[in-house]
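target37.pdb (PDB, C-alpha atoms) appears below.
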MODEL        1
ATOM      1  CA  MET A   1       5.037 -15.400   9.102
ATOM      2  CA  ILE A   2       8.162 -13.269   9.248
ATOM      3  CA  ASN A   3       7.795  -9.464   9.395
ATOM      4  CA  GLY A   4       4.215  -9.724   8.205
ATOM      5  CA  THR A   5       4.969 -11.468   4.907
ATOM      6  CA  ALA A   6       4.317 -15.026   3.814
ATOM      7  CA  THR A   7       7.047 -17.402   4.873
ATOM      8  CA  LEU A   8       8.699 -19.028   1.880
ATOM      9  CA  ARG A   9       9.303 -22.736   2.079
ATOM     10  CA  GLY A  10      11.901 -22.637  -0.619
ATOM     11  CA  GLY A  11      12.100 -21.715  -4.206
ATOM     12  CA  PRO A  12      15.051 -20.692  -6.304
ATOM     13  CA  GLY A  13      17.377 -17.925  -5.201
ATOM     14  CA  TRP A  14      16.052 -15.440  -7.770
ATOM     15  CA  PHE A  15      12.556 -15.928  -6.411
ATOM     16  CA  ARG A  16      13.600 -15.372  -2.810
ATOM     17  CA  GLY A  17      15.512 -12.292  -4.003
ATOM     18  CA  VAL A  18      12.408 -10.866  -5.685
ATOM     19  CA  ASP A  19      10.464 -11.540  -2.497
ATOM     20  CA  ARG A  20      13.083  -9.704  -0.410
ATOM     21  CA  VAL A  21      12.992  -6.727  -2.807
ATOM     22  CA  LEU A  22       9.179  -6.585  -2.549
ATOM     23  CA  ASP A  23       9.473  -6.651   1.255
ATOM     24  CA  ALA A  24      12.079  -3.863   1.166
ATOM     25  CA  ILE A  25       9.841  -1.718  -1.039
ATOM     26  CA  ALA A  26       6.939  -2.336   1.361
ATOM     27  CA  SER A  27       9.148  -1.190   4.239
ATOM     28  CA  LEU A  28      10.162   1.898   2.256
ATOM     29  CA  PHE A  29       6.511   2.715   1.475
ATOM     30  CA  GLN A  30       5.575   2.188   5.136
ATOM     31  CA  THR A  31       8.397   4.435   6.334
ATOM     32  CA  ALA A  32       7.373   7.144   3.842
ATOM     33  CA  ALA A  33       3.724   6.928   4.936
ATOM     34  CA  GLU A  34       4.715   7.112   8.598
ATOM     35  CA  ALA A  35       6.969  10.116   7.912
ATOM     36  CA  MET A  36       4.106  11.871   6.125
ATOM     37  CA  LEU A  37       1.745  11.164   9.024
ATOM     38  CA  THR A  38       4.339  12.478  11.489
ATOM     39  CA  PHE A  39       4.808  15.661   9.450
ATOM     40  CA  MET A  40       1.031  16.160   9.252
ATOM     41  CA  LEU A  41       0.724  15.738  13.002
ATOM     42  CA  LEU A  42       3.540  18.185  13.766
ATOM     43  CA  ALA A  43       2.411  20.783  11.205
ATOM     44  CA  ASN A  44      -1.189  20.696  12.443
ATOM     45  CA  LEU A  45      -0.040  20.838  16.066
ATOM     46  CA  ALA A  46       2.109  23.900  15.282
ATOM     47  CA  ASN A  47      -0.849  25.493  13.489
ATOM     48  CA  ILE A  48      -3.147  24.899  16.469
ATOM     49  CA  ILE A  49      -0.589  26.261  18.931
ATOM     50  CA  LEU A  50       0.045  29.364  16.803
ATOM     51  CA  ARG A  51      -3.678  30.091  16.469
ATOM     52  CA  ASN A  52      -4.203  29.677  20.209
ATOM     53  CA  LEU A  53      -1.388  32.145  20.834
ATOM     54  CA  GLY A  54      -3.176  34.686  18.641
ATOM     55  CA  GLU A  55      -0.760  34.313  15.748
ATOM     56  CA  PRO A  56      -1.934  33.992  12.149
ATOM     57  CA  SER A  57      -2.702  30.536  10.817
ATOM     58  CA  LEU A  58      -0.212  28.688   8.640
ATOM     59  CA  LEU A  59      -2.169  28.685   5.384
ATOM     60  CA  TRP A  60      -0.133  25.903   3.802
ATOM     61  CA  VAL A  61      -0.890  23.311   6.534
ATOM     62  CA  SER A  62      -4.402  22.344   5.436
ATOM     63  CA  PRO A  63      -3.679  21.817   1.713
ATOM     64  CA  TRP A  64      -0.441  19.941   2.397
ATOM     65  CA  THR A  65      -2.210  17.795   5.007
ATOM     66  CA  GLY A  66      -4.711  16.786   2.314
ATOM     67  CA  VAL A  67      -1.969  15.916  -0.180
ATOM     68  CA  LEU A  68       0.112  13.987   2.338
ATOM     69  CA  MET A  69      -2.933  12.091   3.586
ATOM     70  CA  VAL A  70      -3.759  10.966   0.053
ATOM     71  CA  TRP A  71      -0.134   9.984  -0.563
ATOM     72  CA  SER A  72       0.188   8.048   2.706
ATOM     73  CA  VAL A  73      -3.061   6.137   2.127
ATOM     74  CA  PHE A  74      -2.066   5.238  -1.423
ATOM     75  CA  LEU A  75       1.412   4.092  -0.347
ATOM     76  CA  ALA A  76      -0.118   2.025   2.466
ATOM     77  CA  PHE A  77      -2.324   0.317  -0.134
ATOM     78  CA  TYR A  78       0.659  -1.805  -1.233
ATOM     79  CA  VAL A  79       1.933  -2.379   2.301
ATOM     80  CA  MET A  80      -1.407  -3.696   3.543
ATOM     81  CA  TYR A  81      -1.679  -6.327   0.818
ATOM     82  CA  ARG A  82       2.005  -7.231   0.870
ATOM     83  CA  ARG A  83       1.852  -7.934   4.579
ATOM     84  CA  HIS A  84      -1.523  -9.685   4.303
ATOM     85  CA  LEU A  85      -3.195  -7.126   6.579
ATOM     86  CA  ASP A  86      -6.233  -6.865   4.341
ATOM     87  CA  ILE A  87      -9.600  -8.144   5.492
ATOM     88  CA  ALA A  88      -9.733 -11.922   5.335
ATOM     89  CA  LEU A  89     -12.753 -14.081   6.078
ATOM     90  CA  THR A  90     -10.640 -16.647   7.909
ATOM     91  CA  ILE A  91     -13.551 -17.869  10.017
ATOM     92  CA  LEU A  92     -15.405 -18.919   6.875
ATOM     93  CA  VAL A  93     -12.433 -19.874   4.711
ATOM     94  CA  GLY A  94     -10.742 -21.725   7.590
ATOM     95  CA  ARG A  95     -13.612 -24.221   7.669
ATOM     96  CA  PHE A  96     -12.440 -25.446   4.261
ATOM     97  CA  GLY A  97      -8.937 -26.211   5.553
ATOM     98  CA  GLN A  98      -5.712 -25.600   3.683
ATOM     99  CA  ARG A  99      -7.449 -25.926   0.301
ATOM    100  CA  GLY A 100      -9.902 -23.200   1.226
ATOM    101  CA  MET A 101      -7.096 -20.930   2.410
ATOM    102  CA  LYS A 102      -5.133 -21.548  -0.779
ATOM    103  CA  LEU A 103      -8.217 -20.968  -2.940
ATOM    104  CA  SER A 104      -8.903 -17.750  -1.038
ATOM    105  CA  ARG A 105      -5.364 -16.485  -1.721
ATOM    106  CA  VAL A 106      -5.629 -17.459  -5.395
ATOM    107  CA  LEU A 107      -8.961 -15.670  -5.796
ATOM    108  CA  THR A 108      -7.634 -12.621  -3.964
ATOM    109  CA  ALA A 109      -4.578 -12.525  -6.235
ATOM    110  CA  VAL A 110      -6.632 -12.926  -9.420
ATOM    111  CA  VAL A 111      -9.154 -10.249  -8.455
ATOM    112  CA  GLY A 112      -6.333  -8.029  -7.189
ATOM    113  CA  LEU A 113      -4.465  -8.441 -10.477
ATOM    114  CA  LEU A 114      -7.586  -7.475 -12.376
ATOM    115  CA  VAL A 115      -8.202  -4.317 -10.317
ATOM    116  CA  VAL A 116      -4.638  -3.025 -10.063
ATOM    117  CA  GLY A 117      -3.884  -4.160 -13.604
ATOM    118  CA  ILE A 118      -6.637  -1.862 -14.861
ATOM    119  CA  LEU A 119      -5.228   1.008 -12.767
ATOM    120  CA  VAL A 120      -1.730   0.470 -14.165
ATOM    121  CA  ALA A 121      -3.001   0.085 -17.733
ATOM    122  CA  GLU A 122      -5.039   3.286 -17.408
ATOM    123  CA  ALA A 123      -2.228   5.230 -15.696
ATOM    124  CA  PRO A 124      -1.276   7.315 -18.760
ATOM    125  CA  GLN A 125      -4.882   8.420 -19.235
ATOM    126  CA  ILE A 126      -5.382   9.027 -15.518
ATOM    127  CA  LEU A 127      -2.330  11.280 -15.407
ATOM    128  CA  ALA A 128      -3.235  13.072 -18.649
ATOM    129  CA  ARG A 129      -6.723  13.955 -17.368
ATOM    130  CA  GLN A 130      -5.492  15.544 -14.169
ATOM    131  CA  ARG A 131      -4.504  19.044 -15.103
ATOM    132  CA  GLY A 132      -4.097  22.225 -13.213
ATOM    133  CA  THR A 133      -2.085  23.230 -10.218
ATOM    134  CA  MET A 134      -3.256  22.763  -6.660
ATOM    135  CA  GLU A 135      -3.574  26.087  -4.867
ATOM    136  CA  ILE A 136      -0.959  26.868  -2.229
ATOM    137  CA  VAL A 137       0.676  23.449  -2.682
ATOM    138  CA  GLY A 138       1.908  24.331  -6.170
ATOM    139  CA  LEU A 139       1.942  20.776  -7.506
ATOM    140  CA  THR A 140       0.148  19.600 -10.614
ATOM    141  CA  ARG A 141      -2.934  17.547  -9.716
ATOM    142  CA  TYR A 142      -1.576  14.360 -11.298
ATOM    143  CA  TRP A 143       0.937  14.100  -8.438
ATOM    144  CA  LEU A 144      -1.970  12.968  -6.258
ATOM    145  CA  SER A 145      -2.250   9.785  -8.366
ATOM    146  CA  VAL A 146       1.437   8.892  -8.573
ATOM    147  CA  PRO A 147       1.548   6.967  -5.242
ATOM    148  CA  LEU A 148      -1.616   5.051  -6.215
ATOM    149  CA  ILE A 149      -0.064   4.037  -9.524
ATOM    150  CA  ALA A 150       3.220   3.104  -7.782
ATOM    151  CA  SER A 151       1.345   0.942  -5.256
ATOM    152  CA  SER A 152      -0.729  -0.613  -8.027
ATOM    153  CA  ALA A 153       2.379  -1.473 -10.053
ATOM    154  CA  MET A 154       3.970  -3.065  -6.987
ATOM    155  CA  LEU A 155       0.773  -4.997  -6.297
ATOM    156  CA  VAL A 156       0.785  -6.411  -9.835
ATOM    157  CA  ILE A 157       4.229  -7.856  -9.109
ATOM    158  CA  HIS A 158       3.181  -8.948  -5.604
ATOM    159  CA  PHE A 159       0.112 -10.840  -6.807
ATOM    160  CA  ILE A 160       2.078 -12.553  -9.599
ATOM    161  CA  VAL A 161       4.792 -13.590  -7.118
ATOM    162  CA  ASP A 162       2.124 -14.773  -4.668
ATOM    163  CA  LEU A 163       0.452 -16.913  -7.345
ATOM    164  CA  VAL A 164       3.777 -18.415  -8.430
ATOM    165  CA  ALA A 165       4.676 -19.181  -4.801
ATOM    166  CA  LEU A 166       1.301 -20.778  -4.120
ATOM    167  CA  PHE A 167       1.240 -22.948  -7.229
ATOM    168  CA  ALA A 168       4.891 -23.982  -6.849
ATOM    169  CA  GLY A 169       4.418 -24.776  -3.161
ATOM    170  CA  TRP A 170       7.002 -22.219  -2.046
ATOM    171  CA  ALA A 171       4.706 -20.285   0.321
ATOM    172  CA  ALA A 172       2.281 -21.218   3.050
ATOM    173  CA  PRO A 173      -1.318 -20.559   1.955
ATOM    174  CA  VAL A 174      -2.295 -19.169   5.356
ATOM    175  CA  PRO A 175      -2.803 -15.379   5.602
ATOM    176  CA  ALA A 176      -1.640 -13.389   8.614
ATOM    177  CA  GLY A 177      -3.656 -13.522  11.782
ATOM    178  CA  ASP A 178      -4.702 -10.656  14.023
ATOM    179  CA  GLU A 179      -1.276 -10.570  15.688
ATOM    180  CA  GLU A 180       0.153  -8.985  12.532
ATOM    181  CA  ALA A 181      -2.205  -6.003  12.753
ATOM    182  CA  ALA A 182      -0.366  -4.766  15.827
ATOM    183  CA  GLN A 183       2.821  -4.285  13.792
ATOM    184  CA  TRP A 184       1.160  -1.730  11.527
TER     185      TRP A 184
ENDMDL
END

As structure tokens:
Amino acid sequence: MINGTATLRGGPGWFRGVDRVLDAIASLFQTAAEAMLTFMLLANLANIILRNLGEPSLLWVSPWTGVLMVWSVFLAFYVMYRRHLDIALTILVGRFGQRGMKLSRVLTAVVGLLVVGILVAEAPQILARQRGTMEIVGLTRYWLSVPLIASSAMLVIHFIVDLVALFAGWAAPVPAGDEEAAQW
């Protein structure tokens, strides 16, 4: 494992390039999520300090904290799967050896493609149904779903690339161990 992603054994240059782009997008999503969490922390800290000093509360902090929390969770959705930090039953699957690990990754990719594929296919309807403006924040409600759809679209590509790498023998079928969780 390198930087939390599956180590490629080879493959053509275009494939390794796609893999690097997917890693870069995961890093961008992670940085954005971390920046949102930092802003939430600082804004809520300022709000608490102001209230304890007898000053009026910053009314915008709570609604923006909700929006940023949703955005950061949805962006992290892609990062977690890209870096194989999702829950894996390695104790059970490991008993079946490399074939079991490979089968586990294939099943995960197929089920993942099904779930995120439905989200991406339904994106126009999801966005069309979310009307109205969020109070204080001033954004249309559909902006809450945009990071979920972006992560889902990236996961469609990720799962396809993962399946190609597994079937072509370009990636190790072993998911990340617990040591990768510390990086997140």

Please provide the set of residues having any atom within 8 Å of Ser27 of chain A, restricted to all atoms listed in the file, with same-chain residues fewer than 4 positions apart removed, written as a list in words. Asp23, Thr31 and Val79 of chain A

Ranking A:Trp60, A:Phe74, A:Phe159, A:Phe167 by minimum distance to Gln30 of chain A and counting all atoms listed in the file, which one comes first? A:Phe74

Evaluate the PyMOL selection byres ((chain A and resi 36) around 12) and record the selected residues as a list in words, following the chain and residue labels used in the document. Phe29, Gln30, Thr31, Ala32, Ala33, Glu34, Ala35, Leu37, Thr38, Phe39, Met40, Leu41, Leu42, Ala43, Trp64, Thr65, Gly66, Val67, Leu68, Met69, Val70, Trp71, Ser72, Val73, Phe74, Leu75 and Ala76 of chain A

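Within the 10 Å cut-off around Tyr81 of chain A, using all atoms listed in the file and omitting residues fewer than 3 positions from it on the same chain, the listed residues are Thr5, Ala26, Ala76, Phe77, Tyr78, His84, Leu85, Asp86, Ile87, Thr108, Ala109, Gly112, Ser151, Leu155, His158 and Phe159 of chain A.
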
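Residue nearest Val115 of chain A within the list A:Pro147, A:Ala153, A:Glu135, A:Arg99: A:Ala153 [criterion: smallest interatomic distance, all atoms listed in the file].
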
Need the axis-aligned box for segment 17-35 of chain A with 3 Å each side, so what are the centre and edges in Å to one decimal, as JSON?
{"center_x": 9.6, "center_y": -1.1, "center_z": 1.5, "size_x": 17.8, "size_y": 28.4, "size_z": 20.3}

Top pick for closest residue to Leu148 of chain A, considering A:Trp14, A:Ala123, A:Phe96, A:Arg129 and counting all atoms listed in the file: A:Ala123
